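Chemist: This is query-v8.pdb, which holds PDB, C-alpha atoms:
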```pdb
ATOM      1  CA  ARG O   1       6.141 207.042 -43.288
ATOM      2  CA  LEU O   2       2.373 207.253 -43.153
ATOM      3  CA  MET O   3       1.293 209.952 -45.572
ATOM      4  CA  GLY O   4       4.281 211.098 -47.627
ATOM      5  CA  ASP O   5       4.537 210.826 -51.413
ATOM      6  CA  GLY O   6       5.771 207.415 -52.430
ATOM      7  CA  GLU O   7       5.263 206.139 -48.902
ATOM      8  CA  THR O   8       2.154 204.719 -47.231
ATOM      9  CA  LEU O   9      -1.395 206.038 -47.552
ATOM     10  CA  HIS O  10      -4.501 204.946 -45.660
ATOM     11  CA  TYR O  11      -7.403 204.307 -48.039
ATOM     12  CA  GLN O  12     -10.205 205.325 -45.692
ATOM     13  CA  SER O  13      -8.409 208.604 -44.940
ATOM     14  CA  VAL O  14      -7.643 209.467 -48.558
ATOM     15  CA  VAL O  15     -10.793 208.551 -50.503
ATOM     16  CA  PRO O  16     -14.043 210.338 -49.593
ATOM     17  CA  GLY O  17     -17.271 208.395 -49.162
ATOM     18  CA  ALA O  18     -19.902 207.695 -51.786
ATOM     19  CA  GLY O  19     -21.496 211.104 -51.292
ATOM     20  CA  ALA O  20     -18.347 213.012 -52.249
ATOM     21  CA  ASP O  21     -17.751 214.596 -55.623
ATOM     22  CA  GLY O  22     -15.984 212.544 -58.277
ATOM     23  CA  ALA O  23     -13.054 214.928 -58.624
ATOM     24  CA  ALA O  24     -12.057 214.529 -54.976
ATOM     25  CA  ALA O  25     -12.303 210.760 -55.244
ATOM     26  CA  ALA O  26     -10.266 210.701 -58.455
ATOM     27  CA  GLU O  27      -7.513 212.695 -56.774
ATOM     28  CA  GLY O  28      -7.509 210.265 -53.870
ATOM     29  CA  PHE O  29      -7.259 207.230 -56.149
ATOM     30  CA  PHE O  30      -4.397 208.858 -58.052
ATOM     31  CA  ASP O  31      -2.473 209.395 -54.819
ATOM     32  CA  LEU O  32      -3.128 205.809 -53.707
ATOM     33  CA  ALA O  33      -1.934 204.384 -57.026
ATOM     34  CA  ASN O  34       1.379 206.203 -56.607
ATOM     35  CA  ALA O  35       1.946 205.210 -52.984
ATOM     36  CA  ARG O  36       4.554 202.634 -52.030
ATOM     37  CA  CYS O  37       2.077 200.914 -49.710
ATOM     38  CA  VAL O  38      -1.647 201.129 -49.011
ATOM     39  CA  ARG O  39      -3.151 200.674 -45.567
ATOM     40  CA  TYR O  40      -6.728 199.418 -45.544
ATOM     41  CA  THR O  41      -8.990 198.988 -42.533
ATOM     42  CA  VAL O  42     -11.123 195.842 -42.652
ATOM     43  CA  ALA O  43     -14.293 195.671 -40.560
ATOM     44  CA  VAL O  44     -14.536 192.072 -39.394
ATOM     45  CA  GLY O  45     -17.143 192.201 -36.630
ATOM     46  CA  GLU O  46     -20.822 191.430 -37.139
ATOM     47  CA  ARG O  47     -21.915 194.932 -36.206
ATOM     48  CA  GLU O  48     -19.351 196.609 -38.465
ATOM     49  CA  ALA O  49     -20.328 194.459 -41.436
ATOM     50  CA  ARG O  50     -23.999 195.178 -40.852
ATOM     51  CA  GLU O  51     -23.480 198.914 -40.578
ATOM     52  CA  GLY O  52     -20.910 199.096 -43.368
ATOM     53  CA  ARG O  53     -18.148 200.692 -41.332
ATOM     54  CA  GLY O  54     -14.863 200.942 -43.158
ATOM     55  CA  GLY O  55     -12.612 202.405 -40.510
ATOM     56  CA  GLY O  56     -11.759 205.825 -39.230
ATOM     57  CA  GLU O  57      -8.696 207.992 -39.587
ATOM     58  CA  GLY O  58      -6.408 205.193 -38.416
ATOM     59  CA  ASP O  59      -3.488 207.372 -37.333
ATOM     60  CA  GLY O  60      -1.682 204.628 -35.433
ATOM     61  CA  GLU O  61       1.686 203.307 -36.552
ATOM     62  CA  THR O  62       1.461 200.197 -38.720
ATOM     63  CA  ASN O  63       3.873 197.327 -38.067
ATOM     64  CA  GLU O  64       3.485 195.697 -41.509
ATOM     65  CA  ALA O  65       0.299 193.850 -40.492
ATOM     66  CA  SER O  66      -1.436 195.513 -37.614
ATOM     67  CA  GLY O  67      -3.726 194.093 -35.047
ATOM     68  CA  SER O  68      -7.061 195.663 -34.318
ATOM     69  CA  SER O  69      -7.034 199.451 -34.330
ATOM     70  CA  ARG O  70     -10.486 199.392 -32.741
ATOM     71  CA  ALA O  71     -12.916 196.659 -31.815
ATOM     72  CA  GLY O  72     -14.012 194.635 -34.835
ATOM     73  CA  GLU O  73     -11.312 196.001 -37.158
ATOM     74  CA  VAL O  74      -7.962 194.864 -38.504
ATOM     75  CA  GLU O  75      -5.628 196.674 -40.843
ATOM     76  CA  LEU O  76      -4.002 195.351 -43.986
ATOM     77  CA  VAL O  77      -0.827 196.780 -45.449
ATOM     78  CA  VAL O  78      -0.165 196.013 -49.106
ATOM     79  CA  GLU O  79       2.893 196.975 -51.093
ATOM     80  CA  GLN O  80       2.496 198.236 -54.652
ATOM     81  CA  ASP O  81       4.940 197.954 -57.548
ATOM     82  CA  GLN O  82       4.345 200.473 -60.289
ATOM     83  CA  SER O  83       7.238 198.975 -62.301
ATOM     84  CA  LEU O  84       5.258 195.865 -63.313
ATOM     85  CA  HIS O  85       4.780 197.089 -66.883
ATOM     86  CA  ASP O  86       3.944 193.628 -68.251
ATOM     87  CA  SER O  87       1.233 193.099 -65.657
ATOM     88  CA  CYS O  88      -1.420 195.406 -64.234
ATOM     89  CA  GLY O  89      -1.081 193.523 -60.933
ATOM     90  CA  GLY O  90       1.293 195.981 -59.299
ATOM     91  CA  ILE O  91      -1.378 198.490 -58.217
ATOM     92  CA  VAL O  92      -4.630 198.262 -56.255
ATOM     93  CA  TRP O  93      -7.132 199.612 -58.779
ATOM     94  CA  GLU O  94     -10.459 201.281 -58.062
ATOM     95  CA  SER O  95     -12.408 198.149 -58.951
ATOM     96  CA  ALA O  96     -10.718 196.222 -56.131
ATOM     97  CA  TYR O  97     -11.831 198.810 -53.582
ATOM     98  CA  ALA O  98     -15.320 198.779 -55.101
ATOM     99  CA  LEU O  99     -15.694 195.006 -54.837
ATOM    100  CA  GLU O 100     -14.208 194.918 -51.337
ATOM    101  CA  GLN O 101     -16.824 197.486 -50.247
ATOM    102  CA  TYR O 102     -19.566 195.375 -51.839
ATOM    103  CA  MET O 103     -18.299 192.232 -50.100
ATOM    104  CA  ARG O 104     -18.150 194.036 -46.770
ATOM    105  CA  LEU O 105     -21.773 195.085 -47.033
ATOM    106  CA  ASN O 106     -23.192 191.923 -48.595
ATOM    107  CA  ILE O 107     -21.062 188.916 -47.642
ATOM    108  CA  GLY O 108     -23.563 187.621 -45.083
ATOM    109  CA  ARG O 109     -26.442 187.734 -47.567
ATOM    110  CA  ILE O 110     -24.317 186.172 -50.306
ATOM    111  CA  CYS O 111     -23.305 183.224 -48.135
ATOM    112  CA  ALA O 112     -26.854 182.616 -46.883
ATOM    113  CA  SER O 113     -28.579 182.829 -50.272
ATOM    114  CA  PRO O 114     -28.630 180.433 -53.246
ATOM    115  CA  PRO O 115     -26.521 179.173 -54.824
ATOM    116  CA  VAL O 116     -23.985 179.344 -51.945
ATOM    117  CA  LYS O 117     -26.440 178.713 -49.112
ATOM    118  CA  ARG O 118     -23.925 177.962 -46.359
ATOM    119  CA  LYS O 119     -25.589 178.049 -42.941
ATOM    120  CA  ARG O 120     -22.365 178.976 -41.168
ATOM    121  CA  GLY O 121     -21.556 181.746 -43.595
ATOM    122  CA  LEU O 122     -18.107 182.672 -44.844
ATOM    123  CA  SER O 123     -16.394 180.233 -42.476
ATOM    124  CA  ARG O 124     -17.791 177.423 -44.645
ATOM    125  CA  CYS O 125     -16.797 178.987 -47.975
ATOM    126  CA  LYS O 126     -13.742 178.566 -50.136
ATOM    127  CA  VAL O 127     -12.826 181.807 -51.897
ATOM    128  CA  LEU O 128     -10.793 182.230 -55.081
ATOM    129  CA  GLU O 129      -9.465 185.505 -56.418
ATOM    130  CA  LEU O 130      -8.427 185.723 -60.061
ATOM    131  CA  GLY O 131      -5.961 188.438 -61.024
ATOM    132  CA  ALA O 132      -5.327 189.207 -57.360
ATOM    133  CA  GLY O 133      -2.510 191.668 -58.061
ATOM    134  CA  ALA O 134      -1.322 193.175 -54.785
ATOM    135  CA  GLY O 135      -3.830 190.966 -52.950
ATOM    136  CA  LEU O 136      -5.873 193.518 -51.023
ATOM    137  CA  LEU O 137      -9.315 192.139 -51.910
ATOM    138  CA  GLY O 138      -8.518 188.502 -51.194
ATOM    139  CA  LEU O 139      -6.655 189.345 -48.003
ATOM    140  CA  ALA O 140      -9.657 191.312 -46.760
ATOM    141  CA  VAL O 141     -12.027 188.392 -47.386
ATOM    142  CA  ALA O 142      -9.584 185.993 -45.726
ATOM    143  CA  ALA O 143      -9.345 188.308 -42.701
ATOM    144  CA  ARG O 144     -13.120 188.016 -42.305
ATOM    145  CA  GLY O 145     -12.740 184.282 -41.784
ATOM    146  CA  ALA O 146     -13.124 182.423 -45.084
ATOM    147  CA  LYS O 147     -12.656 178.657 -44.796
ATOM    148  CA  ALA O 148      -9.873 178.847 -47.391
ATOM    149  CA  THR O 149      -8.663 181.578 -49.727
ATOM    150  CA  VAL O 150      -6.591 181.088 -52.873
ATOM    151  CA  LEU O 151      -5.054 184.168 -54.507
ATOM    152  CA  THR O 152      -3.940 183.821 -58.121
ATOM    153  CA  ASP O 153      -2.327 185.916 -60.790
ATOM    154  CA  HIS O 154       0.002 185.679 -63.770
ATOM    155  CA  PRO O 155       3.423 184.258 -62.811
ATOM    156  CA  ASN O 156       5.009 187.694 -63.397
ATOM    157  CA  ALA O 157       2.905 189.155 -60.582
ATOM    158  CA  MET O 158       3.480 186.387 -58.030
ATOM    159  CA  PRO O 159       6.495 187.842 -56.147
ATOM    160  CA  LEU O 160       4.534 190.948 -55.105
ATOM    161  CA  LEU O 161       1.447 188.924 -54.197
ATOM    162  CA  GLU O 162       3.471 186.499 -52.081
ATOM    163  CA  ARG O 163       5.269 189.359 -50.301
ATOM    164  CA  ASN O 164       1.949 190.931 -49.357
ATOM    165  CA  VAL O 165       0.594 187.670 -47.945
ATOM    166  CA  ARG O 166       3.758 187.350 -45.826
ATOM    167  CA  ARG O 167       3.506 191.015 -44.828
ATOM    168  CA  ASN O 168       0.043 190.417 -43.379
ATOM    169  CA  SER O 169       0.664 186.938 -41.974
ATOM    170  CA  ALA O 170       0.166 188.093 -38.380
ATOM    171  CA  LEU O 171      -3.548 188.521 -39.108
ATOM    172  CA  PHE O 172      -3.870 184.787 -39.638
ATOM    173  CA  GLU O 173      -2.146 183.598 -36.472
ATOM    174  CA  PRO O 174      -3.979 182.488 -33.300
ATOM    175  CA  VAL O 175      -4.801 185.318 -30.922
ATOM    176  CA  GLY O 176      -3.354 184.566 -27.515
ATOM    177  CA  LYS O 177      -2.882 186.193 -24.154
ATOM    178  CA  LYS O 178      -0.250 185.729 -21.487
ATOM    179  CA  ARG O 179      -1.078 184.539 -18.002
ATOM    180  CA  LYS O 180       0.976 183.974 -14.889
ATOM    181  CA  LYS O 181       2.022 180.476 -13.968
ATOM    182  CA  ARG O 182       0.227 179.349 -10.845
ATOM    183  CA  GLY O 183       2.419 178.907  -7.789
ATOM    184  CA  ASP O 184       5.409 180.655  -9.340
ATOM    185  CA  ALA O 185       7.166 183.159  -7.107
ATOM    186  CA  ASN O 186       8.548 184.884 -10.176
ATOM    187  CA  ALA O 187       5.196 184.961 -11.940
ATOM    188  CA  ASP O 188       5.711 188.506 -13.159
ATOM    189  CA  ALA O 189       8.634 187.357 -15.270
ATOM    190  CA  GLU O 190       7.469 183.825 -16.016
ATOM    191  CA  THR O 191       4.450 183.693 -18.314
ATOM    192  CA  THR O 192       2.854 181.179 -20.601
ATOM    193  CA  THR O 193       0.741 181.849 -23.681
ATOM    194  CA  THR O 194      -2.793 180.553 -23.861
ATOM    195  CA  THR O 195      -4.582 180.562 -27.194
ATOM    196  CA  THR O 196      -7.885 182.374 -26.895
ATOM    197  CA  SER O 197      -9.182 182.121 -30.470
ATOM    198  CA  LYS O 198      -8.651 179.996 -33.539
ATOM    199  CA  SER O 199      -6.444 181.293 -36.306
ATOM    200  CA  LYS O 200      -7.976 182.298 -39.611
ATOM    201  CA  SER O 201      -6.959 180.399 -42.718
ATOM    202  CA  LYS O 202      -3.890 182.003 -44.298
ATOM    203  CA  PRO O 203      -4.344 182.710 -48.020
ATOM    204  CA  LYS O 204      -2.531 180.461 -50.476
ATOM    205  CA  CYS O 205      -0.861 181.968 -53.558
ATOM    206  CA  MET O 206      -0.876 180.104 -56.872
ATOM    207  CA  PRO O 207       0.206 181.144 -60.382
ATOM    208  CA  LEU O 208      -2.645 181.188 -62.869
ATOM    209  CA  ASP O 209      -2.347 182.005 -66.538
ATOM    210  CA  TRP O 210      -5.905 181.422 -67.796
ATOM    211  CA  THR O 211      -4.544 180.059 -71.082
ATOM    212  CA  ASN O 212      -2.400 177.472 -69.285
ATOM    213  CA  ASP O 213      -4.377 174.261 -68.758
ATOM    214  CA  ALA O 214      -1.950 172.978 -66.117
ATOM    215  CA  HIS O 215      -2.371 176.174 -64.095
ATOM    216  CA  VAL O 216      -6.168 176.020 -64.347
ATOM    217  CA  ASP O 217      -6.259 172.343 -63.364
ATOM    218  CA  ALA O 218      -4.013 172.922 -60.349
ATOM    219  CA  VAL O 219      -6.192 175.741 -59.024
ATOM    220  CA  ALA O 220      -9.412 173.861 -59.783
ATOM    221  CA  ARG O 221      -8.195 170.978 -57.598
ATOM    222  CA  GLU O 222      -8.256 173.393 -54.640
ATOM    223  CA  GLY O 223     -12.003 173.891 -55.176
ATOM    224  CA  PRO O 224     -14.743 173.904 -56.006
ATOM    225  CA  PHE O 225     -14.958 177.445 -54.712
ATOM    226  CA  GLU O 226     -18.177 178.916 -53.365
ATOM    227  CA  ILE O 227     -17.057 182.495 -54.061
ATOM    228  CA  ILE O 228     -14.885 183.613 -56.992
ATOM    229  CA  LEU O 229     -13.736 187.237 -57.164
ATOM    230  CA  ALA O 230     -11.956 189.147 -59.913
ATOM    231  CA  THR O 231     -11.228 192.807 -60.585
ATOM    232  CA  ASP O 232      -9.789 194.603 -63.617
ATOM    233  CA  VAL O 233      -9.355 191.350 -65.494
ATOM    234  CA  VAL O 234     -11.081 192.347 -68.756
ATOM    235  CA  PHE O 235      -8.632 194.263 -70.913
ATOM    236  CA  ASN O 236      -7.985 191.957 -73.897
ATOM    237  CA  GLU O 237     -10.758 190.447 -76.010
ATOM    238  CA  THR O 238      -8.794 187.245 -76.679
ATOM    239  CA  LEU O 239      -8.586 186.550 -72.931
ATOM    240  CA  VAL O 240     -12.318 186.823 -72.194
ATOM    241  CA  THR O 241     -13.151 183.226 -73.138
ATOM    242  CA  PRO O 242     -10.191 181.735 -71.202
ATOM    243  CA  LEU O 243     -11.184 183.829 -68.161
ATOM    244  CA  LEU O 244     -14.759 182.556 -68.227
ATOM    245  CA  ALA O 245     -13.551 178.997 -68.796
ATOM    246  CA  ALA O 246     -11.299 179.299 -65.726
ATOM    247  CA  ILE O 247     -14.237 180.522 -63.622
ATOM    248  CA  ARG O 248     -16.285 177.538 -64.749
ATOM    249  CA  ALA O 249     -13.449 175.056 -64.125
ATOM    250  CA  CYS O 250     -12.969 176.336 -60.586
ATOM    251  CA  GLY O 251     -16.658 176.561 -59.763
ATOM    252  CA  GLY O 252     -19.368 174.164 -58.733
ATOM    253  CA  PRO O 253     -23.098 174.011 -58.053
ATOM    254  CA  ARG O 254     -22.775 176.396 -55.066
ATOM    255  CA  THR O 255     -20.603 178.974 -56.832
ATOM    256  CA  ILE O 256     -21.214 182.691 -57.194
ATOM    257  CA  ALA O 257     -18.675 184.926 -58.915
ATOM    258  CA  TYR O 258     -18.237 188.681 -58.842
ATOM    259  CA  VAL O 259     -16.232 190.434 -61.537
ATOM    260  CA  CYS O 260     -15.724 194.177 -61.126
ATOM    261  CA  ILE O 261     -14.186 195.968 -64.095
ATOM    262  CA  GLN O 262     -13.755 199.270 -65.851
ATOM    263  CA  GLU O 263     -14.013 199.617 -69.606
ATOM    264  CA  ARG O 264     -10.309 199.443 -70.477
ATOM    265  CA  CYS O 265     -11.011 197.984 -73.927
ATOM    266  CA  ALA O 266     -14.464 198.368 -75.483
ATOM    267  CA  ALA O 267     -14.237 195.133 -77.494
ATOM    268  CA  ALA O 268     -13.178 193.113 -74.446
ATOM    269  CA  PHE O 269     -15.807 194.732 -72.212
ATOM    270  CA  ASN O 270     -18.604 194.047 -74.693
ATOM    271  CA  ALA O 271     -17.422 190.465 -75.211
ATOM    272  CA  PHE O 272     -17.448 189.840 -71.477
ATOM    273  CA  ARG O 273     -20.908 191.354 -71.089
ATOM    274  CA  ARG O 274     -22.175 189.161 -73.951
ATOM    275  CA  LEU O 275     -20.542 185.903 -72.809
ATOM    276  CA  ALA O 276     -20.552 186.216 -68.999
ATOM    277  CA  SER O 277     -23.480 183.836 -68.493
ATOM    278  CA  SER O 278     -21.538 181.017 -70.183
ATOM    279  CA  ALA O 279     -19.268 180.637 -67.154
ATOM    280  CA  LEU O 280     -21.737 179.456 -64.515
ATOM    281  CA  GLY O 281     -25.178 179.681 -66.091
ATOM    282  CA  THR O 282     -26.520 183.158 -65.360
ATOM    283  CA  ALA O 283     -25.092 186.651 -65.174
ATOM    284  CA  ARG O 284     -26.408 190.085 -64.312
ATOM    285  CA  GLU O 285     -24.940 193.556 -64.227
ATOM    286  CA  VAL O 286     -25.350 194.856 -60.690
ATOM    287  CA  PRO O 287     -27.154 198.249 -60.736
ATOM    288  CA  ARG O 288     -24.901 201.191 -59.932
ATOM    289  CA  GLU O 289     -27.089 202.186 -56.996
ATOM    290  CA  GLU O 290     -26.655 198.692 -55.536
ATOM    291  CA  LEU O 291     -22.883 198.823 -55.961
ATOM    292  CA  GLY O 292     -22.913 202.306 -54.453
ATOM    293  CA  PHE O 293     -19.257 203.076 -55.122
ATOM    294  CA  VAL O 294     -17.852 206.567 -55.447
ATOM    295  CA  ASP O 295     -16.173 205.797 -58.804
ATOM    296  CA  GLU O 296     -19.076 205.256 -61.203
ATOM    297  CA  GLU O 297     -16.799 203.822 -63.909
ATOM    298  CA  CYS O 298     -16.628 200.561 -61.928
ATOM    299  CA  VAL O 299     -19.081 197.973 -63.267
ATOM    300  CA  LEU O 300     -19.919 194.852 -61.253
ATOM    301  CA  PHE O 301     -21.114 191.578 -62.771
ATOM    302  CA  GLU O 302     -22.655 188.785 -60.707
ATOM    303  CA  LEU O 303     -22.383 185.256 -62.116
ATOM    304  CA  LYS O 304     -24.363 182.415 -60.514
ATOM    305  CA  ALA O 305     -24.211 178.647 -60.919
ATOM    306  CA  THR O 306     -27.343 177.040 -62.296
ATOM    307  CA  MET O 307     -28.756 173.530 -62.172
ATOM    308  CA  ASP O 308     -28.137 172.749 -65.833
ATOM    309  CA  VAL O 309     -24.451 173.714 -65.808
ATOM    310  CA  PHE O 310     -23.571 171.665 -62.725
ATOM    311  CA  ALA O 311     -26.421 169.123 -62.766
ATOM    312  CA  ASP O 312     -24.291 166.055 -61.998
ATOM    313  CA  ALA O 313     -22.440 167.724 -59.147
ATOM    314  CA  ARG O 314     -25.664 169.134 -57.668
ATOM    315  CA  ARG O 315     -27.209 165.675 -57.461
ATOM    316  CA  GLU O 316     -24.236 164.572 -55.370
ATOM    317  CA  LEU O 317     -24.565 167.420 -52.837
ATOM    318  CA  SER O 318     -25.317 166.296 -49.318
ATOM    319  CA  VAL O 319     -27.289 168.388 -46.890
ATOM    320  CA  GLU O 320     -24.886 170.595 -44.968
TER
END
```
Let me see the structure of the file written as structure tokens.

Modeler:
Amino acid sequence: RLMGDGETLHYQSVVPGAGADGAAAAEGFFDLANARCVRYTVAVGEREAREGRGGGEGDGETNEASGSSRAGEVELVVEQDQSLHDSCGGIVWESAYALEQYMRLNIGRICASPPVKRKRGLSRCKVLELGAGAGLLGLAVAARGAKATVLTDHPNAMPLLERNVRRNSALFEPVGKKRKKRGDANADAETTTTTTSKSKSKPKCMPLDWTNDAHVDAVAREGPFEIILATDVVFNETLVTPLLAAIRACGGPRTIAYVCIQERCAAAFNAFRRLASSALGTAREVPREELGFVDEECVLFELKATMDVFADARRELSVE
């Protein structure tokens, strides 16, 4: 069940760290892409995020969505569907792991710095994922306590995405503990549940075809989003402009977007690189050493909102 072909593989056990050779990493990614499900350990504690821990061997049994395998960690389980030939959303691609690693190491800085600048961090941020696919990246950010998370993809990919949100729903329920009823002679059998922590916001799934104005408008009404994430979404040159327009429609004066891609189509990649700044105002290609991911074919772009793009909305901002 845990490590067999076509079954479930644990990412942190299969893929070596950044210091490993590329061949070993490539073999690990190949095995993950062919697995029925992927288990992924999410560091959610302050210390883990600061130190960049991603989880250990994780040899415990997974009950669809596990609780904490060790302090400050939870485990996601996402199903993959390699049969989605008309959509690349059936597999967790390398770029999703790369951006999740970057978020894990940098989310605190991102939330505290302009343009986001939320004093209470991720808990005050709305997060949108475009082309969420199996949902691993967005689920991981939601598990860290985002104020709200919306996961989107083409309608053809929605059944898998929705199943994976349901599969991990236990991670977004209140954490409680049982205590004995006072004065009850049968206290060992009679218990009541007391909530000990607030639940995290469960991700919402919405269909989003970037060329469909109704889809874009519906998602934009959930925003504006402080953080927009997308991976492996640049594969067709004709879709680059609609993608950037969707980012702009869903953004606002506090928005930062991260798009992590591989060069699937040279024309599309070059068009995105040329036009990326049109979405929010500025764009930069994150240096490979800053991304620090084992697969060097992953390229990360950072798009930031600027005053001129969202001037009217910025004037209306109140002090948080």

Chemist: Applied to the shown file, which residues does the PyMOL selection byres ((chain O and resi 208) around 10) return, written as a PyMOL selection string?

Modeler: chain O and resi 130-131+151-155+157-158+205-207+209-219+246

Chemist: Go ahead and write the selection's residues with C-alpha atoms as a compact mmCIF listing (two decimals), in the frame of the given file.

Modeler:
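See again-v8.txt below for the written result:
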```txt
# COMPACT_ATOMS: atom_id res chain seq x y z
CA LEU O 130 -8.43 185.72 -60.06
CA GLY O 131 -5.96 188.44 -61.02
CA LEU O 151 -5.05 184.17 -54.51
CA THR O 152 -3.94 183.82 -58.12
CA ASP O 153 -2.33 185.92 -60.79
CA HIS O 154 0.00 185.68 -63.77
CA PRO O 155 3.42 184.26 -62.81
CA ALA O 157 2.90 189.16 -60.58
CA MET O 158 3.48 186.39 -58.03
CA CYS O 205 -0.86 181.97 -53.56
CA MET O 206 -0.88 180.10 -56.87
CA PRO O 207 0.21 181.14 -60.38
CA ASP O 209 -2.35 182.00 -66.54
CA TRP O 210 -5.90 181.42 -67.80
CA THR O 211 -4.54 180.06 -71.08
CA ASN O 212 -2.40 177.47 -69.28
CA ASP O 213 -4.38 174.26 -68.76
CA ALA O 214 -1.95 172.98 -66.12
CA HIS O 215 -2.37 176.17 -64.10
CA VAL O 216 -6.17 176.02 -64.35
CA ASP O 217 -6.26 172.34 -63.36
CA ALA O 218 -4.01 172.92 -60.35
CA VAL O 219 -6.19 175.74 -59.02
CA ALA O 246 -11.30 179.30 -65.73
```

Chemist: Carefully work through the PyMOL selection byres ((chain O and resi 125-128) around 6) for this structure and note down the residues it includes, as an NGL selection string.

Modeler: :O and (122-124 or 129 or 146-150 or 225-228)

Chemist: Excluding segment 287-289 of chain O and residues on its chain fewer than 4 positions from it, collect all residues at most 12 Å away from it, counting all atoms listed in the file, and give them as a PyMOL selection string.

Modeler: chain O and resi 18-19+98+102+260+293-302

Chemist: Ranking O:Lys204, O:Arg36, O:Arg264, O:Arg284 by minimum distance to Ala132 of chain O and counting all atoms listed in the file, which one comes first?

Modeler: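 Closest candidate: O:Lys204.
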
Chemist: Taking the file as shown, find all residues satisfying the PyMOL selection byres ((chain O and resi 15) around 9) and write them as a PyMOL selection string.

Modeler: chain O and resi 10-14+16-17+20+24-29+32+294

Chemist: I need every residue sitting at most 8 Å from the point (-24.0, 178.3, -56.6) (coordinates as in the file, all atoms listed in the file considered), written as a count of residues only.

Modeler: 13

Chemist: Figure out the distance between atom CA of Glu237 of chain O and atom CA of Asn270 of chain O, please, to one decimal in Å.

Modeler: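 Going from atom CA of Asn270 of chain O over to atom CA of Glu237 of chain O, I get 8.7 Å.
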
Chemist: Taking only C-alpha atoms into account, name the residue in O:Thr282, O:Gln80, O:Gln262, O:Ser95 that is nearest to Leu229 of chain O.

Modeler: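 Of O:Thr282, O:Gln80, O:Gln262, O:Ser95, the one nearest Leu229 of chain O is O:Ser95, counting only C-alpha atoms.
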
Chemist: What's the separation between atom CA of Leu84 of chain O and atom CA of Ser169 of chain O, in Å to one decimal place?

Modeler: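 Those two atoms sit 23.6 Å apart.
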
Chemist: Of the residues O:Tyr40, O:Phe30, O:Phe172, O:Phe269, which is the one nearest to Glu94 of chain O, using only C-alpha atoms?

Modeler: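 Comparing O:Tyr40, O:Phe30, O:Phe172, O:Phe269 against Glu94 of chain O, the winner is O:Phe30.
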
Chemist: Which residue is closest to Val240 of chain O? Choose from O:Ala170, O:Asn156, O:Gly133, O:Ser278 and count all atoms listed in the file.

Modeler: O:Ser278

Chemist: Figure out the distance between atom CA of Ala142 of chain O and atom CA of Pro203 of chain O, please, to one decimal in Å.

Modeler: 6.6 Å

Chemist: Which residues, written as a PyMOL selection string, have at least one atom at most 8 Å from Glu100 of chain O, with only C-alpha atoms counted and residues fewer than 6 positions away on the same chain left out?

Modeler: chain O and resi 137+140-141

Chemist: With all atoms listed in the file as the basis for distance, which of O:Ser83, O:Asn106, O:Thr231, O:Gln101 is at the shortest distance from Leu243 of chain O?

Modeler: O:Thr231

Chemist: Looking at O:Ser201, O:Val44, O:Ala276, O:Cys265, which one is nearest to Leu105 of chain O, with distances taken over only C-alpha atoms?

Modeler: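 Selected residue with least distance to Leu105 of chain O: O:Val44.
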
Chemist: I'd like the contact shell of Ala266 of chain O - 12 Å cut-off, all atoms listed in the file, skipping same-chain residues fewer than 5 positions apart - returned as a VMD selection string.

Modeler: chain O and resid 234 to 237 261 271 to 273

Chemist: Return as lines of an AutoDock Vina configuration file the box centre and box size in Å, one decimal, for an axis-aligned box around all listed atoms of segment 107-123 of chain O padded by 4 Å per side.

Modeler:
```
center_x = -22.5
center_y = 183.4
center_z = -48.0
size_x = 20.2
size_y = 19.0
size_z = 21.7
```

Chemist: Would you fill out segment 165-171 of chain O with N, CA, C and O atoms and return it as an mmCIF file, in the coordinates of the input?

Modeler:
```cif
data_model
loop_
_atom_site.group_PDB
_atom_site.id
_atom_site.type_symbol
_atom_site.label_atom_id
_atom_site.label_comp_id
_atom_site.auth_asym_id
_atom_site.auth_seq_id
_atom_site.Cartn_x
_atom_site.Cartn_y
_atom_site.Cartn_z
ATOM 1 N N VAL O 165 1.160 188.675 -48.847
ATOM 2 C CA VAL O 165 0.594 187.670 -47.945
ATOM 3 C C VAL O 165 1.509 187.500 -46.735
ATOM 4 O O VAL O 165 1.035 187.438 -45.593
ATOM 5 N N ARG O 166 2.816 187.453 -46.964
ATOM 6 C CA ARG O 166 3.758 187.350 -45.826
ATOM 7 C C ARG O 166 3.677 188.595 -44.947
ATOM 8 O O ARG O 166 3.727 188.500 -43.714
ATOM 9 N N ARG O 167 3.551 189.744 -45.569
ATOM 10 C CA ARG O 167 3.506 191.015 -44.828
ATOM 11 C C ARG O 167 2.339 191.046 -43.847
ATOM 12 O O ARG O 167 2.422 191.648 -42.773
ATOM 13 N N ASN O 168 1.248 190.397 -44.212
ATOM 14 C CA ASN O 168 0.043 190.417 -43.379
ATOM 15 C C ASN O 168 -0.197 189.105 -42.642
ATOM 16 O O ASN O 168 -1.295 188.857 -42.141
ATOM 17 N N SER O 169 0.825 188.277 -42.547
ATOM 18 C CA SER O 169 0.664 186.938 -41.974
ATOM 19 C C SER O 169 0.227 186.961 -40.517
ATOM 20 O O SER O 169 -0.434 186.029 -40.050
ATOM 21 N N ALA O 170 0.547 188.025 -39.789
ATOM 22 C CA ALA O 170 0.166 188.093 -38.380
ATOM 23 C C ALA O 170 -1.350 188.082 -38.190
ATOM 24 O O ALA O 170 -1.847 187.667 -37.137
ATOM 25 N N LEU O 171 -2.085 188.493 -39.214
ATOM 26 C CA LEU O 171 -3.548 188.521 -39.108
ATOM 27 C C LEU O 171 -4.148 187.127 -39.119
ATOM 28 O O LEU O 171 -5.317 186.958 -38.765
#
```
